[in-house]
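Dumped run_25.tsv below, it's TSV, C-alpha atoms and all ligand atoms:
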chain	number	residue	atom	x	y	z
K	203	MET	CA	46.61	-220.41	57.28
K	204	THR	CA	48.31	-222.93	59.51
K	205	GLN	CA	48.68	-222.56	63.26
K	206	ARG	CA	51.75	-224.81	63.16
K	207	PHE	CA	55.30	-224.61	61.84
K	208	GLU	CA	55.55	-227.02	58.89
K	209	PHE	CA	58.14	-227.72	56.20
K	210	ALA	CA	57.53	-229.69	53.02
K	211	LEU	CA	60.01	-230.37	50.22
K	212	SER	CA	58.46	-230.15	46.75
K	213	ALA	CA	61.35	-231.03	44.44
K	214	ARG	CA	64.99	-232.04	44.43
K	215	ASP	CA	67.77	-231.70	41.87
K	216	GLY	CA	70.90	-233.51	43.00
K	217	ARG	CA	71.52	-232.39	46.58
K	218	ALA	CA	69.53	-229.15	46.03
K	219	ARG	CA	65.95	-228.90	47.31
K	220	THR	CA	63.04	-226.55	46.91
K	221	GLY	CA	60.10	-226.44	49.32
K	222	LEU	CA	57.84	-224.40	51.56
K	223	ILE	CA	57.98	-223.49	55.24
K	224	LYS	CA	54.47	-222.75	56.52
K	225	THR	CA	54.08	-220.56	59.62
K	226	PRO	CA	51.07	-218.83	61.23
K	227	ARG	CA	52.40	-215.52	59.87
K	228	GLY	CA	52.90	-216.72	56.31
K	229	ASP	CA	54.78	-219.07	54.00
K	230	ILE	CA	58.49	-219.04	53.16
K	231	ARG	CA	59.55	-220.33	49.73
K	232	THR	CA	62.88	-222.16	49.87
K	233	PRO	CA	65.67	-221.75	48.96
K	234	ALA	CA	65.04	-218.41	50.68
K	235	PHE	CA	67.10	-215.26	51.18
K	236	MET	CA	66.33	-213.33	54.38
K	237	PRO	CA	67.11	-209.58	54.30
K	238	VAL	CA	68.81	-208.42	57.49
K	239	GLY	CA	66.81	-205.99	59.62
K	240	THR	CA	69.20	-205.74	62.56
K	241	ALA	CA	67.75	-202.78	64.52
K	242	ALA	CA	64.11	-203.43	63.55
K	243	THR	CA	64.57	-202.01	60.07
K	244	VAL	CA	66.05	-203.19	56.80
K	245	LYS	CA	68.18	-200.07	56.39
K	246	ALA	CA	66.90	-197.57	53.76
K	247	MET	CA	63.84	-199.73	53.02
K	248	MET	CA	60.16	-199.41	53.96
K	249	PRO	CA	58.79	-202.84	54.99
K	250	GLU	CA	56.27	-202.86	52.14
K	251	ASN	CA	59.15	-202.37	49.71
K	252	VAL	CA	61.10	-205.24	51.30
K	253	ARG	CA	58.01	-207.35	50.60
K	254	ALA	CA	57.83	-205.98	47.03
K	255	THR	CA	61.31	-207.38	46.32
K	256	GLY	CA	59.83	-210.86	47.03
K	257	ALA	CA	61.09	-211.43	50.57
K	258	ASP	CA	58.92	-213.83	52.61
K	259	ILE	CA	60.84	-213.42	55.87
K	260	LEU	CA	63.34	-211.00	57.37
K	261	LEU	CA	65.90	-211.11	60.14
K	262	GLY	CA	66.19	-209.30	63.44
K	263	ASN	CA	68.85	-209.44	66.09
K	264	THR	CA	68.73	-210.22	69.81
K	265	TYR	CA	71.99	-208.40	70.54
K	266	HIS	CA	71.05	-205.06	68.99
K	267	LEU	CA	67.42	-205.04	70.16
K	268	MET	CA	68.19	-206.06	73.76
K	269	LEU	CA	70.49	-203.03	74.02
K	270	ARG	CA	68.20	-200.61	72.23
K	271	PRO	CA	65.22	-200.18	72.61
K	272	THR	CA	65.20	-203.39	74.83
K	273	ALA	CA	63.06	-206.46	74.30
K	274	GLU	CA	60.77	-205.47	77.20
K	275	ARG	CA	59.89	-202.15	75.51
K	276	ILE	CA	59.19	-203.87	72.16
K	277	ASP	CA	57.02	-206.43	73.95
K	278	ALA	CA	55.09	-203.66	75.75
K	279	LEU	CA	54.49	-202.03	72.36
K	280	GLY	CA	53.00	-205.20	70.85
K	281	GLY	CA	56.07	-207.13	69.71
K	282	LEU	CA	58.56	-206.74	66.88
K	283	HIS	CA	56.10	-207.37	64.02
K	284	THR	CA	53.83	-204.52	65.15
K	285	PHE	CA	56.77	-202.33	66.16
K	286	MET	CA	58.41	-202.48	62.71
K	287	ASN	CA	55.22	-202.92	60.65
K	288	TRP	CA	56.20	-206.31	59.16
K	289	ASP	CA	53.44	-208.90	59.64
K	290	ARG	CA	55.19	-211.81	57.94
K	291	PRO	CA	57.71	-214.22	59.52
K	292	ILE	CA	60.78	-212.91	61.37
K	293	LEU	CA	63.85	-214.97	62.32
K	294	THR	CA	66.03	-213.59	65.09
K	295	ASP	CA	69.62	-214.54	65.75
K	296	SER	CA	70.41	-215.41	69.36
K	297	GLY	CA	73.03	-212.73	70.06
K	298	GLY	CA	76.18	-214.76	70.64
K	299	PHE	CA	77.76	-213.88	67.31
K	300	GLN	CA	77.30	-210.13	67.82
K	301	VAL	CA	78.53	-210.22	71.42
K	302	MET	CA	81.81	-211.64	70.14
K	303	SER	CA	82.04	-209.30	67.16
K	304	LEU	CA	80.64	-206.03	68.53
K	305	SER	CA	80.68	-205.71	72.31
K	306	GLY	CA	83.52	-204.69	74.58
K	307	LEU	CA	84.91	-206.31	77.70
K	308	ARG	CA	83.37	-209.75	77.42
K	309	LYS	CA	83.51	-212.54	79.99
K	310	MET	CA	82.57	-216.02	78.78
K	311	SER	CA	81.64	-218.87	81.13
K	312	GLU	CA	79.59	-222.06	81.09
K	313	GLU	CA	76.67	-219.90	82.23
K	314	GLY	CA	76.87	-217.53	79.27
K	315	VAL	CA	78.46	-214.20	78.37
K	316	THR	CA	78.65	-210.92	80.26
K	317	PHE	CA	79.59	-207.90	78.16
K	318	LYS	CA	79.53	-204.14	77.87
K	319	SER	CA	77.23	-202.50	75.36
K	320	HIS	CA	79.00	-201.01	72.32
K	321	ILE	CA	76.41	-198.23	72.50
K	322	ASP	CA	76.74	-196.87	76.04
K	323	GLY	CA	79.09	-199.23	77.89
K	324	SER	CA	76.33	-200.58	80.14
K	325	LYS	CA	76.78	-204.14	81.45
K	326	HIS	CA	74.64	-206.98	80.12
K	327	GLU	CA	74.42	-210.77	80.30
K	328	LEU	CA	73.34	-213.28	77.67
K	329	THR	CA	72.65	-216.88	78.57
K	330	PRO	CA	70.64	-219.51	76.67
K	331	GLU	CA	67.72	-218.77	78.99
K	332	ARG	CA	67.93	-214.97	78.60
K	333	SER	CA	68.31	-215.27	74.82
K	334	MET	CA	65.15	-217.42	74.63
K	335	GLU	CA	63.29	-214.90	76.81
K	336	ILE	CA	64.38	-211.96	74.63
K	337	GLN	CA	63.38	-213.74	71.41
K	338	ARG	CA	60.01	-214.65	72.98
K	339	LEU	CA	59.43	-211.02	74.02
K	340	LEU	CA	60.27	-209.92	70.46
K	341	GLY	CA	57.74	-212.45	69.17
K	342	SER	CA	60.03	-213.84	66.47
K	343	ASP	CA	58.69	-216.82	64.56
K	344	ILE	CA	62.01	-218.61	64.18
K	345	VAL	CA	64.27	-218.48	67.25
K	346	MET	CA	67.96	-219.41	67.11
K	347	CYS	CA	69.70	-221.35	69.87
K	348	PHE	CA	72.20	-219.42	71.94
K	349	ASP	CA	75.58	-220.60	70.71
K	350	GLU	CA	79.17	-219.62	70.36
K	351	CYS	CA	80.23	-219.12	66.76
K	352	THR	CA	83.66	-220.73	66.89
K	353	PRO	CA	86.25	-218.23	65.60
K	354	PHE	CA	88.31	-219.16	62.52
K	355	PRO	CA	90.97	-220.43	62.57
K	356	ALA	CA	90.64	-222.63	65.63
K	357	THR	CA	92.73	-225.62	66.66
K	358	GLU	CA	90.91	-228.96	66.83
K	359	ALA	CA	90.97	-228.75	70.63
K	360	GLU	CA	89.63	-225.17	70.71
K	361	SER	CA	86.92	-226.05	68.19
K	362	LEU	CA	85.90	-229.19	70.10
K	363	ARG	CA	85.59	-227.29	73.40
K	364	SER	CA	83.60	-224.50	71.74
K	365	MET	CA	81.28	-226.88	69.88
K	366	GLN	CA	80.59	-229.01	72.95
K	367	MET	CA	79.72	-225.92	74.99
K	368	SER	CA	77.36	-224.77	72.22
K	369	MET	CA	75.70	-228.19	72.32
K	370	ARG	CA	75.15	-227.88	76.10
K	371	TRP	CA	73.74	-224.39	75.41
K	372	ALA	CA	71.51	-225.89	72.69
K	373	ASN	CA	70.09	-228.24	75.32
K	374	ARG	CA	69.42	-225.33	77.67
K	375	SER	CA	67.93	-223.29	74.79
K	376	ARG	CA	65.52	-226.13	73.97
K	377	ALA	CA	64.47	-226.45	77.63
K	378	ALA	CA	64.00	-222.69	78.07
K	379	PHE	CA	62.11	-222.30	74.75
K	380	GLY	CA	59.21	-224.30	76.15
K	381	ASP	CA	56.13	-225.50	74.27
K	382	ARG	CA	55.21	-222.82	71.72
K	383	PRO	CA	53.07	-224.20	68.85
K	384	GLY	CA	53.57	-222.21	65.63
K	385	TYR	CA	56.98	-220.99	66.72
K	386	ALA	CA	60.24	-222.73	65.80
K	387	LEU	CA	63.57	-223.20	67.52
K	388	PHE	CA	66.54	-223.91	65.26
K	389	GLY	CA	69.67	-225.70	66.45
K	390	ILE	CA	73.06	-224.48	65.19
K	391	GLN	CA	75.75	-226.97	64.11
K	392	GLN	CA	79.31	-226.05	64.99
K	393	GLY	CA	82.61	-227.94	64.63
K	394	SER	CA	84.53	-225.50	62.44
K	395	VAL	CA	86.25	-227.31	59.54
K	396	PHE	CA	86.60	-230.67	61.35
K	397	LYS	CA	84.35	-233.38	59.87
K	398	ASP	CA	84.23	-235.55	62.98
K	399	GLN	CA	83.22	-232.54	65.10
K	400	ARG	CA	80.54	-231.51	62.59
K	401	ALA	CA	79.18	-235.09	62.87
K	402	GLU	CA	79.25	-235.03	66.69
K	403	SER	CA	77.45	-231.67	66.68
K	404	ALA	CA	74.78	-232.87	64.23
K	405	GLU	CA	74.24	-236.02	66.28
K	406	LYS	CA	73.77	-234.02	69.48
K	407	LEU	CA	71.32	-231.62	67.80
K	408	ARG	CA	69.29	-234.54	66.38
K	409	GLU	CA	69.08	-236.09	69.88
K	410	ILE	CA	67.69	-232.83	71.26
K	411	GLY	CA	65.41	-232.29	68.26
K	412	PHE	CA	64.71	-228.96	66.56
K	413	GLU	CA	62.22	-227.57	64.00
K	414	GLY	CA	65.15	-226.55	61.80
K	415	TYR	CA	68.93	-226.66	61.77
K	416	ALA	CA	71.58	-224.06	60.94
K	417	VAL	CA	75.10	-224.65	59.74
K	418	GLY	CA	76.98	-222.20	61.95
K	419	GLY	CA	80.63	-221.29	62.26
K	420	LEU	CA	81.10	-220.53	58.55
K	421	ALA	CA	81.53	-217.27	56.62
K	422	VAL	CA	83.96	-216.27	59.34
K	423	GLY	CA	87.03	-215.78	57.14
K	424	GLU	CA	87.67	-219.35	56.01
K	425	GLY	CA	87.10	-218.44	52.33
K	426	GLN	CA	84.75	-219.94	49.76
K	427	GLU	CA	86.82	-223.02	48.96
K	428	LEU	CA	87.04	-224.17	52.58
K	429	MET	CA	83.39	-223.26	53.16
K	430	PHE	CA	82.33	-225.42	50.21
K	431	ASP	CA	84.58	-228.25	51.45
K	432	VAL	CA	82.62	-228.22	54.74
K	433	LEU	CA	79.31	-227.90	52.88
K	434	ASP	CA	80.25	-230.99	50.86
K	435	TYR	CA	79.35	-233.02	53.97
K	436	ALA	CA	77.93	-230.88	56.82
K	437	PRO	CA	74.34	-230.13	55.62
K	438	GLU	CA	73.59	-233.80	55.00
K	439	MET	CA	74.52	-234.65	58.58
K	440	LEU	CA	71.39	-232.69	59.55
K	441	PRO	CA	67.84	-234.11	59.28
K	442	ASP	CA	66.78	-234.25	55.62
K	443	ASP	CA	63.16	-233.28	56.27
K	444	ARG	CA	63.94	-230.06	58.13
K	445	PRO	CA	65.03	-226.63	56.85
K	446	ARG	CA	68.80	-226.08	56.70
K	447	TYR	CA	69.98	-222.49	57.26
K	448	LEU	CA	73.53	-221.34	56.40
K	449	MET	CA	74.14	-218.33	58.63
K	450	GLY	CA	75.65	-215.11	57.30
K	451	VAL	CA	75.98	-216.22	53.65
K	452	GLY	CA	76.70	-214.59	51.34
K	453	LYS	CA	77.87	-213.40	47.93
K	454	PRO	CA	75.66	-214.57	45.01
K	455	ASP	CA	78.11	-217.30	43.99
K	456	ASP	CA	78.36	-218.46	47.62
K	457	ILE	CA	74.58	-218.87	47.68
K	458	VAL	CA	74.47	-220.73	44.34
K	459	GLY	CA	77.17	-223.17	45.52
K	460	ALA	CA	75.50	-223.67	48.90
K	461	VAL	CA	72.08	-224.35	47.31
K	462	GLN	CA	73.80	-227.01	45.17
K	463	ARG	CA	75.06	-228.53	48.45
K	464	GLY	CA	71.61	-228.75	50.09
K	465	ILE	CA	71.10	-225.41	51.92
K	466	ASP	CA	67.55	-223.96	52.10
K	467	MET	CA	67.90	-220.60	53.89
K	468	PHE	CA	70.36	-217.70	53.82
K	469	ASP	CA	70.89	-214.32	55.48
K	470	CYS	CA	73.54	-211.73	54.69
K	471	VAL	CA	74.05	-208.01	55.19
K	472	LEU	CA	75.91	-207.82	51.85
K	473	PRO	CA	73.10	-206.64	49.50
K	474	SER	CA	71.85	-203.96	51.89
K	475	ARG	CA	75.20	-202.86	53.35
K	476	SER	CA	76.97	-202.77	49.97
K	477	GLY	CA	74.05	-200.85	48.44
K	478	ARG	CA	74.92	-198.02	50.81
K	479	THR	CA	78.56	-198.10	49.67
K	480	GLY	CA	77.68	-197.97	45.97
K	481	GLN	CA	78.33	-201.65	45.23
K	482	VAL	CA	75.69	-203.00	42.83
K	483	PHE	CA	74.95	-206.63	41.98
K	484	THR	CA	73.91	-207.35	38.38
K	485	ARG	CA	73.48	-210.48	36.28
K	486	ARG	CA	76.79	-209.66	34.62
K	487	GLY	CA	78.68	-209.19	37.88
K	488	VAL	CA	79.35	-206.41	40.38
K	489	LEU	CA	79.92	-202.71	39.65
K	490	ASN	CA	80.54	-199.71	41.86
K	491	ILE	CA	78.34	-196.77	40.86
K	492	LYS	CA	80.93	-194.39	42.37
K	493	ASN	CA	83.22	-195.03	39.38
K	494	ALA	CA	83.47	-192.04	37.00
K	495	ARG	CA	82.79	-194.33	34.03
K	496	HIS	CA	79.10	-194.25	34.94
K	497	GLN	CA	78.62	-190.47	34.90
K	498	ASN	CA	77.32	-190.26	31.33
K	499	ASP	CA	75.78	-193.72	31.05
K	500	PRO	CA	72.04	-193.57	30.24
K	501	ARG	CA	71.55	-197.36	30.68
K	502	PRO	CA	69.84	-198.98	33.69
K	503	LEU	CA	71.92	-200.98	36.15
K	504	ASP	CA	70.52	-204.27	34.83
K	505	THR	CA	68.22	-204.49	31.78
K	506	GLU	CA	66.48	-207.59	33.22
K	507	CYS	CA	65.68	-206.07	36.62
K	508	ARG	CA	62.16	-204.84	37.49
K	509	CYS	CA	63.14	-202.72	40.50
K	510	PRO	CA	62.41	-198.93	40.59
K	511	ALA	CA	66.10	-198.08	40.12
K	512	CYS	CA	66.28	-200.10	36.89
K	513	GLN	CA	62.82	-199.05	35.69
K	514	HIS	CA	63.18	-195.28	36.12
K	515	TYR	CA	66.80	-194.22	36.58
K	516	SER	CA	70.03	-194.22	34.59
K	517	ARG	CA	73.45	-195.21	35.86
K	518	ALA	CA	74.38	-191.54	35.35
K	519	TYR	CA	71.66	-190.44	37.78
K	520	LEU	CA	72.58	-193.10	40.34
K	521	HIS	CA	76.24	-192.07	40.03
K	522	HIS	CA	75.22	-188.45	40.64
K	523	VAL	CA	73.07	-189.06	43.72
K	524	PHE	CA	75.68	-191.42	45.19
K	525	ARG	CA	78.45	-188.88	44.69
K	526	SER	CA	76.17	-186.18	46.15
K	527	GLN	CA	75.47	-188.46	49.15
K	528	GLU	CA	71.75	-188.07	48.57
K	529	ILE	CA	69.50	-190.32	50.70
K	530	ILE	CA	67.73	-191.62	47.58
K	531	SER	CA	70.99	-193.29	46.58
K	532	SER	CA	70.85	-195.71	49.53
K	533	MET	CA	67.14	-196.28	48.92
K	534	LEU	CA	67.47	-197.16	45.23
K	535	LEU	CA	70.70	-199.19	45.44
K	536	THR	CA	69.47	-201.19	48.46
K	537	TRP	CA	66.17	-201.93	46.74
K	538	HIS	CA	68.00	-202.99	43.58
K	539	ASN	CA	70.45	-205.29	45.40
K	540	LEU	CA	67.69	-206.94	47.45
K	541	GLN	CA	65.66	-207.37	44.25
K	542	TYR	CA	68.68	-208.99	42.56
K	543	TYR	CA	69.05	-211.44	45.47
K	544	GLN	CA	65.34	-212.32	45.47
K	545	ASP	CA	65.39	-212.79	41.67
K	546	LEU	CA	68.38	-215.12	42.12
K	547	MET	CA	66.46	-217.16	44.73
K	548	SER	CA	63.33	-217.42	42.57
K	549	GLY	CA	65.51	-218.48	39.64
K	550	LEU	CA	67.11	-221.17	41.79
K	551	ARG	CA	63.71	-222.39	43.06
K	552	ALA	CA	62.32	-222.61	39.52
K	553	ALA	CA	65.43	-224.39	38.19
K	554	ILE	CA	65.32	-227.01	40.97
K	555	ALA	CA	61.56	-227.52	40.39
K	556	ALA	CA	62.25	-228.00	36.65
K	557	GLY	CA	65.19	-230.33	37.30
K	558	ASP	CA	67.64	-228.15	35.37
K	559	LEU	CA	69.70	-226.53	38.12
K	560	ALA	CA	72.90	-227.45	36.26
K	561	THR	CA	71.84	-225.29	33.31
K	562	PHE	CA	70.87	-222.41	35.60
K	563	VAL	CA	74.25	-222.55	37.38
K	564	ALA	CA	76.20	-222.74	34.11
K	565	ASP	CA	74.27	-219.74	32.77
K	566	PHE	CA	74.76	-217.87	36.07
K	567	HIS	CA	78.55	-218.21	35.81
K	568	ALA	CA	78.71	-217.66	32.04
K	569	THR	CA	76.73	-214.39	32.22
K	570	ARG	CA	79.00	-213.07	34.94
K	571	ALA	CA	82.04	-213.98	32.86
K	572	LEU	CA	80.85	-211.78	29.95
K	573	GLY	CA	82.16	-208.68	31.73
K	574	ASP	CA	81.08	-205.24	30.50
K	575	VAL	CA	79.10	-204.82	33.70
I	601	LIG	C1	78.68	-213.09	58.28
I	601	LIG	N1	79.06	-214.45	58.60
I	601	LIG	C2	78.44	-215.08	59.62
I	601	LIG	N2	77.43	-214.54	60.35
I	601	LIG	C3	77.13	-215.48	61.29
I	601	LIG	C4	76.20	-215.41	62.32
I	601	LIG	C5	75.40	-214.16	62.54
I	601	LIG	C6	74.40	-213.88	61.57
I	601	LIG	C7	73.76	-212.57	62.03
I	601	LIG	O1	74.66	-211.48	62.03
I	601	LIG	C8	74.03	-210.31	61.55
I	601	LIG	O2	74.68	-209.86	60.42
I	601	LIG	C9	76.01	-209.36	60.68
I	601	LIG	C10	72.64	-210.68	61.21
I	601	LIG	O3	71.81	-210.24	62.26
I	601	LIG	C11	70.58	-209.78	61.83
I	601	LIG	C12	72.66	-212.20	61.17
I	601	LIG	O4	71.55	-212.79	61.73
I	601	LIG	C13	76.11	-216.52	63.21
I	601	LIG	N3	75.19	-216.47	64.25
I	601	LIG	C14	75.15	-217.50	65.14
I	601	LIG	N4	74.28	-217.46	66.17
I	601	LIG	N5	75.98	-218.59	65.04
I	601	LIG	C15	76.88	-218.72	64.03
I	601	LIG	O5	77.62	-219.72	63.97
I	601	LIG	C16	76.96	-217.65	63.05
I	601	LIG	C17	77.88	-217.70	61.97
I	601	LIG	C18	77.97	-216.60	61.11
I	601	LIG	N6	78.77	-216.33	60.05
Have the structure of the file written as structure tokens, please.
Ligand SMILES: CNc1nc2c(CC[C@H]3O[C@@H](OC)[C@H](OC)[C@@H]3O)c3nc(N)[nH]c(=O)c3cc2[nH]1
Amino acid sequence: MTQRFEFALSARDGRARTGLIKTPRGDIRTPAFMPVGTAATVKAMMPENVRATGADILLGNTYHLMLRPTAERIDALGGLHTFMNWDRPILTDSGGFQVMSLSGLRKMSEEGVTFKSHIDGSKHELTPERSMEIQRLLGSDIVMCFDECTPFPATEAESLRSMQMSMRWANRSRAAFGDRPGYALFGIQQGSVFKDQRAESAEKLREIGFEGYAVGGLAVGEGQELMFDVLDYAPEMLPDDRPRYLMGVGKPDDIVGAVQRGIDMFDCVLPSRSGRTGQVFTRRGVLNIKNARHQNDPRPLDTECRCPACQHYSRAYLHHVFRSQEIISSMLLTWHNLQYYQDLMSGLRAAIAAGDLATFVADFHATRALGDV
């Protein structure tokens, strides 16, 4: 077990890569999908079951945890890993994104952001320094710089101003992070959909130097086509020998296309959140278990899936417990969707290692086109 944070690529196929991130709390196989555990839990899942789906790392959130139960309380109780009974790596986002999307009454300045809690209206401040302190108190293994996720759409001038402020905040985040062997700080590239700004941001992040790099400012309403246009150049502006993390992505076909464009790490609430709304991901596409057509169907959700829902329950049963708003519905559908995502990632890793990603991708799209989900 290493005491350092290391990343090694093991194979490439076109622009796609597969490799391993080694951390003191365990290894992360890339390309990796990170289940979202916003409030110190992956909703409707026990941590051992998150692990059983194949997840090597999960995600926590500065914004939510600083408001409740507070980072200081989690630290006093032994840190986030002990608190939530997950002893493998945790990545925490820095809070800026949620402040802009969740909190009320925000005031942004060069210093940082002051805002009112969406929970009880109390006043709070997030700065690069405070975000680093919170993520240190949580004990997260991969810390994200405090940034502003530039809203979409943004004019070139708005995007430039936002990106350049995020780069000054990246500098302050690096300084405040300090010397913490075994822990990683990731920089976040901004620049919206403007190639020259993406280049300027990447250049600034390289100068500062990070253990990994995120492509930020995407999956904010620009749509898949525009996201892929940016991913056609943005990841390769970042250091080749470091992990590249595309924040907040995404649907299965978003992930497949982003892996083809050189992305190594993903996080998205979609599989867990949609599981609670009855949306199910299968190899043949998406279905909603709420639909009456499932009420007499004895088949599993996906004949190739090894999750408990597919091994022991029919679509008819899952339709029934969803309609009845039974708690087991969220448990089984979340487990299934997370399993589907992890199976997709292991399929992508194997295909890149075998040098036949093109075949995997063609089969991925062809199977979904068959219909009859
Ligand atoms: C969805 N699209 C999207 N999400 C994004 C997130 C939050 C992800 C975070 O949000 C929470 O899920 C809602 C998760 O928190 C656990 C995740 O870490 C981003 N975070 C930062 N710091 N900077 C970005 O440029 C950024 C861009 C995103 N695009």
Among the residues K:Thr272, K:Ser333, K:Ser319, K:Gln399, the one that comes closest to Gly298 of chain K [using all atoms listed in the file]: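 Result for the nearest residue to Gly298 of chain K: K:Ser333.
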Contacts of segment 563-573 of chain K within 10 Å, all atoms listed in the file, excl. fewer than 5 positions in-chain, as a VMD selection string: chain K and resid 454 to 455 458 to 459 462 484 to 488 546 549 to 550 553 558
Between atom CA of Asn251 of chain K and atom CA of Ile530 of chain K, distance in Å (one decimal):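 Separation of atom CA of Asn251 of chain K and atom CA of Ile530 of chain K: 13.9 Å.
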Selection as a ChimeraX atom specification: residues within 9 Å of ligand LIG 601 (chain I) by all atoms listed in the file: /K:237-241,260-266,293-300,303,346-353,390-392,416-423,448-452,469-472
Nearest residue to Asp322 of chain K from the set K:Thr220, K:Ser548, K:Ser305, K:Ser531 (distances using all atoms listed in the file):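 Checking each of K:Thr220, K:Ser548, K:Ser305, K:Ser531 against Asp322 of chain K, counting all atoms listed in the file, the winner is K:Ser305.
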Find the residues around segment 516-528 of chain K up to 9 Å (all atoms listed in the file counted), leave out those fewer than 6 positions away in its own chain, and share them as a PDB file with C-alpha atoms, in the frame of the given file.
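Saved the output as around-v7.pdb:
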ATOM      1  CA  ARG K 478      74.920-198.020  50.810  1.00  0.00           C
ATOM      2  CA  THR K 479      78.560-198.100  49.670  1.00  0.00           C
ATOM      3  CA  GLY K 480      77.680-197.970  45.970  1.00  0.00           C
ATOM      4  CA  ASN K 490      80.540-199.710  41.860  1.00  0.00           C
ATOM      5  CA  ILE K 491      78.340-196.770  40.860  1.00  0.00           C
ATOM      6  CA  LYS K 492      80.930-194.390  42.370  1.00  0.00           C
ATOM      7  CA  ASN K 493      83.220-195.030  39.380  1.00  0.00           C
ATOM      8  CA  ALA K 494      83.470-192.040  37.000  1.00  0.00           C
ATOM      9  CA  ARG K 495      82.790-194.330  34.030  1.00  0.00           C
ATOM     10  CA  HIS K 496      79.100-194.250  34.940  1.00  0.00           C
ATOM     11  CA  GLN K 497      78.620-190.470  34.900  1.00  0.00           C
ATOM     12  CA  ASN K 498      77.320-190.260  31.330  1.00  0.00           C
ATOM     13  CA  ASP K 499      75.780-193.720  31.050  1.00  0.00           C
ATOM     14  CA  PRO K 500      72.040-193.570  30.240  1.00  0.00           C
ATOM     15  CA  ARG K 501      71.550-197.360  30.680  1.00  0.00           C
ATOM     16  CA  PRO K 502      69.840-198.980  33.690  1.00  0.00           C
ATOM     17  CA  LEU K 503      71.920-200.980  36.150  1.00  0.00           C
ATOM     18  CA  LEU K 534      67.470-197.160  45.230  1.00  0.00           C
ATOM     19  CA  LEU K 535      70.700-199.190  45.440  1.00  0.00           C
TER      20      LEU K 535
END
Selection as a list in words: residues within 10 Å of (57.7, -225.2, 61.6), counting all atoms listed in the file: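 Those within range, by chain then number, are Thr204, Gln205, Arg206, Phe207, Glu208, Phe209, Ala210, Ile223, Lys224, Thr225, Pro226, Asp343, Ile344, Pro383, Gly384, Tyr385, Ala386, Leu387, Phe388, Phe412, Glu413, Gly414, Arg444 and Pro445 of chain K.
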Nearest-residue call for Ser394 of chain K, choices K:Met236, K:Val432, K:Leu267, K:Leu559, using only C-alpha atoms: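 For Ser394 of chain K, the nearest of the candidates is K:Val432.
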Nearest-residue call for Gly341 of chain K, choices K:Thr284, K:Thr329, K:Ser364, K:Thr561, using only C-alpha atoms: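 Once distances to Gly341 of chain K are computed over only C-alpha atoms, the minimum belongs to K:Thr284.
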Best match for closeness to Gly314 of chain K among K:Thr232, K:Ser375, K:Gln426, K:Asn287, counting only C-alpha atoms: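 Between K:Thr232, K:Ser375, K:Gln426, K:Asn287, the residue approaching Gly314 of chain K most closely is K:Ser375.
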Cut-off 9 Å around (53.3, -208.5, 72.6) with only C-alpha atoms: residues as a VMD selection string: chain K and resid 276 to 282 284 339 to 341
